[in-house]
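For reference, the structure is listed below as structure tokens.
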Amino acid sequence: MLTIQYPGRQDRRHEPPLTTVSALADRIHRVLAPYHDRPLFLFGHSMGGVLGFEVARRMEREGRPPSGLIVSGRRAPDIYAADNVHTRGDEALIAEMSTLSGTDPGVLADEEILRMVLPAMRADFKAIETYRYRPDGP
């Protein structure tokens, strides 16, 4: 099992976060390239589901599709929500993170931690809110 750590988080917190699904999918695709010669299943939850889908498309175009793609907590890639959370202030971003129930309330109440995680979270919201599925690929 391999896990992906996006730039701007935990041990990669000093790297700038990426703000487009395309840039993230390209990066993940490159990281997974050494494993394309063996059975590879991709799993993604929420935004990770869209990233898994886009990585699978890249692999398929190369003639090396993954053995499978499992997506949870995400609508189909061609169905969009008209959100603009990434353009709002920090308080609105924090409120949205709270409603999604994926972030520990203690983290959302800790100003020091918020200073570290908000740039990456805003980048995630921008990436997923500006993503548009294209049938012909990226």
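Each chain of the structure tokens is named A, B, ... in the order shown, its residues numbered from 1; ligands are numbered from 1 in display order.
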Close residues, Gly49 of chain A itself excluded, 12 Å, only C-alpha atoms, min 2 positions apart in chain, as a list in words: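 Near neighbours after the sequence-gap exclusion: Val21, Ala25, Leu42, Phe43, Gly44, His45, Ser46, Met47, Leu51, Gly52, Phe53, Glu54, Val55, Ala56, Leu69, Ile70, Val71, Ser72, Gly73, Arg74, Arg75, Ala76, Pro77 and Ile128 of chain A.
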Could the residues in this selection be saved with C-alpha atoms as a PDB file, in the first residue's frame?
ATOM      1  CA  VAL A  21      -6.283  19.144  -9.878  1.00  0.00           C
ATOM      2  CA  ALA A  25      -2.642  14.581 -10.768  1.00  0.00           C
ATOM      3  CA  LEU A  42      -6.132   3.572  -6.881  1.00  0.00           C
ATOM      4  CA  PHE A  43      -8.310   4.730  -4.002  1.00  0.00           C
ATOM      5  CA  GLY A  44      -9.395   8.287  -3.350  1.00  0.00           C
ATOM      6  CA  HIS A  45     -11.795   9.849  -0.897  1.00  0.00           C
ATOM      7  CA  SER A  46     -13.451  13.215  -1.527  1.00  0.00           C
ATOM      8  CA  MET A  47     -11.010  15.356  -3.544  1.00  0.00           C
ATOM      9  CA  LEU A  51      -7.330  12.929  -8.262  1.00  0.00           C
ATOM     10  CA  GLY A  52      -7.488   9.135  -8.523  1.00  0.00           C
ATOM     11  CA  PHE A  53      -9.785   9.461 -11.527  1.00  0.00           C
ATOM     12  CA  GLU A  54      -7.428  11.902 -13.263  1.00  0.00           C
ATOM     13  CA  VAL A  55      -4.357   9.769 -12.485  1.00  0.00           C
ATOM     14  CA  ALA A  56      -6.174   6.704 -13.864  1.00  0.00           C
ATOM     15  CA  LEU A  69     -10.212   2.764  -9.202  1.00  0.00           C
ATOM     16  CA  ILE A  70     -12.171   3.041  -5.965  1.00  0.00           C
ATOM     17  CA  VAL A  71     -13.779   6.378  -5.119  1.00  0.00           C
ATOM     18  CA  SER A  72     -15.678   7.318  -1.973  1.00  0.00           C
ATOM     19  CA  GLY A  73     -17.281  10.498  -0.740  1.00  0.00           C
ATOM     20  CA  ARG A  74     -17.326  12.203  -4.124  1.00  0.00           C
ATOM     21  CA  ARG A  75     -19.865  12.869  -6.862  1.00  0.00           C
ATOM     22  CA  ALA A  76     -19.110  12.015 -10.496  1.00  0.00           C
ATOM     23  CA  PRO A  77     -16.313  14.174 -11.942  1.00  0.00           C
ATOM     24  CA  ILE A 128     -11.530  21.148  -6.478  1.00  0.00           C
TER      25      ILE A 128
END
DSSP strand (DSSP E or B) residues within segment 63-127 of chain A, listed as a PyMOL selection string: chain A and resi 68-72
Shortest interatomic distance to Tyr131 of chain A - which of A:Ser22, A:Thr99, A:Thr87, A:Gln5, counting only C-alpha atoms: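 So, comparing all the options, the nearest one is A:Ser22.
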Atomic distance atom CA of Phe125 of chain A - atom CA of Arg57 of chain A, expressed in Å with one decimal: 21.9 Å
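Nearest to Ala120 of chain A of all the residues A:Leu93, A:Pro34, A:Leu100, A:Ser67 is A:Leu93, counting only C-alpha atoms.
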Option closest in space to Arg132 of chain A, from A:Met116, A:Asp26, A:Asn84, A:Thr20 [counting only C-alpha atoms]: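 Of A:Met116, A:Asp26, A:Asn84, A:Thr20, the one nearest Arg132 of chain A, counting only C-alpha atoms, is A:Thr20.
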Spatial neighbours of His14 of chain A, 12 Å, only C-alpha atoms, chain gap at least 6 places, as JSON, numbers by chain: {"A": [6, 7, 8, 116, 117, 119, 120]}
Selection: 8 Å around Glu129 of chain A, only C-alpha atoms, excl. self and same-chain fewer than 2 positions, as a list of chain:residue names: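 After dropping sequence-adjacent residues, the list is A:Tyr80, A:Ala81, A:Ala82, A:Asp83, A:Asn84, A:Val85, A:His86, A:Phe125, A:Lys126, A:Ala127, A:Tyr131.
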Selection export as a PDB file, in the first residue's frame, atoms kept: C-alpha atoms:
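Contents of the output file result_8.pdb:
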ATOM      1  CA  TYR A  80     -19.964  20.351 -10.004  1.00  0.00           C
ATOM      2  CA  ALA A  81     -21.025  22.317  -6.983  1.00  0.00           C
ATOM      3  CA  ALA A  82     -21.046  26.079  -7.498  1.00  0.00           C
ATOM      4  CA  ASP A  83     -18.773  26.790  -4.550  1.00  0.00           C
ATOM      5  CA  ASN A  84     -16.237  29.546  -4.055  1.00  0.00           C
ATOM      6  CA  VAL A  85     -14.983  28.783  -0.558  1.00  0.00           C
ATOM      7  CA  HIS A  86     -11.388  29.329  -1.672  1.00  0.00           C
ATOM      8  CA  PHE A 125     -10.665  24.138  -2.100  1.00  0.00           C
ATOM      9  CA  LYS A 126      -9.344  26.121  -5.064  1.00  0.00           C
ATOM     10  CA  ALA A 127      -8.223  22.957  -6.855  1.00  0.00           C
ATOM     11  CA  TYR A 131     -11.744  21.620 -11.588  1.00  0.00           C
TER      12      TYR A 131
END
Atom-to-atom span, atom CA of Arg115 of chain A and atom CA of Pro17 of chain A, Å: 13.9 Å
